[in-house]
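Here is the structure we will look at.
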Amino acid sequence: MTRRLVIAVDGPAAAGKGTLAKRLALALDLPYLDTGLLYRATGRRMIDAGHDPARGAAEEFAASVGLEDLSRTDLRVPEVDRAASLVAAQPAVRRVLVDVQRRFAGEHGAVLDGRDIGTVIFPDASVKLFITASPRTRATRRWEQLATDPDTPDREEQITRVEREIEARDMADSSRAVAPLRAAEDAVRIETDGLSADEVLAEALRIVARMTR
Ligand code: CDP
């Protein structure tokens with residue numbers, strides 16, 4: 001009998017989890033879920049309804065999030081970065097979203113990227129990867145994804161601002177009481193500074209092959 005393959009890809013903000021997880025899913029013919037989008041969509045719905053994500057309960061907004069929300073184009077903006085991290089610290093929100101994530105992997109398995117996939121959502125995942133890079137590398141990658149003018153003379157200042165934002169979010173994500181960002185004990189770390197997306201994929205595929213033999 002073939003084992004249902006669940007691959008957990010966790011790590012801090014903008015470490016390249018999404019790029020890797022998407023390509024792994026394609027290479028292994030598995031469904032892919034970016035779980036950060038569930039928290040982003042929850043924060044987005046709360047802001048749209050005129051609520052402050054730093055104050056009110058977000059559970060009912062989480063309950064109304066469906067997979068169709070995840071293709072919204074307004075989820076990767078700074079106010080939603082912050083809102084996602086704030087609602088993600090609410091235990092009731094996480095309880096609602098656990099089921100969505102477990103159901104997604106269903107009978108066919110999946111590649112999921114996030115913060116707590118290997119620790120909380122799928123503690124028995126077949127393979128757990130923890131993707132890291134220095135804050136400067138992560139900020140540069142995120143800036144390059146979002147930059148409206150790649151030749152701006154403000155490049156270094158803008159990257160420094162992004163670096164501060166992702167460090168603040170990592171701090172919040174790592175220090176929260178519920179499902180904090182941390183590597184599972186049995187996760188394999190990939191340090192991606194200086195590696196291309198192809199090199200990270202090749203390393204991840206080697207790890208998957210080794211662990212699923
Ligand atoms: O893409 P990036 O790494 O910037 O963030 P993301 O993966 O889209 O996640 C946005 C926020 O959602 C994070 O800062 C976490 O607070 C939260 N999150 C979480 O708590 N648990 C997950 N499994 C995924 C995201």
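How things are named: the first chain in the structure tokens is A, the next is B, and so on; residues count from 1 in each chain; ligands count from 1 in the order shown.
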Go through the chains and note each residue within 7 Å of ligand 1, using only C-alpha atoms and all ligand atoms, then give the set as an NGL selection string.
:A and (12-15 or 18 or 34-37 or 39-40 or 81 or 84-86 or 88-89 or 113-117 or 169-170 or 173)
Give me, as a PyMOL selection string, all polymer residues having an atom no more than 8 Å from region 122-136 of chain A, counting only C-alpha atoms and skipping those fewer than 4 positions away in the same chain.
chain A and resi 5-12+15-17+102+117-118+140+159-160+163+166-167+183-184+186-193+204+208+211-212
Counting only C-alpha atoms, figure out which residue out of A:Ile121, A:Pro91, A:Val111, A:Ala62 gets nearest to Leu26 (chain A).
A:Val111
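When CA of Gly50 (chain A) is paired with CA of Val96 (chain A), their separation reads 21.4 Å.
Closest approach to Leu146 (chain A) from the set A:Gly106, A:Val120, A:Arg44, A:Val77 is made by A:Val77, with distances taken over only C-alpha atoms.
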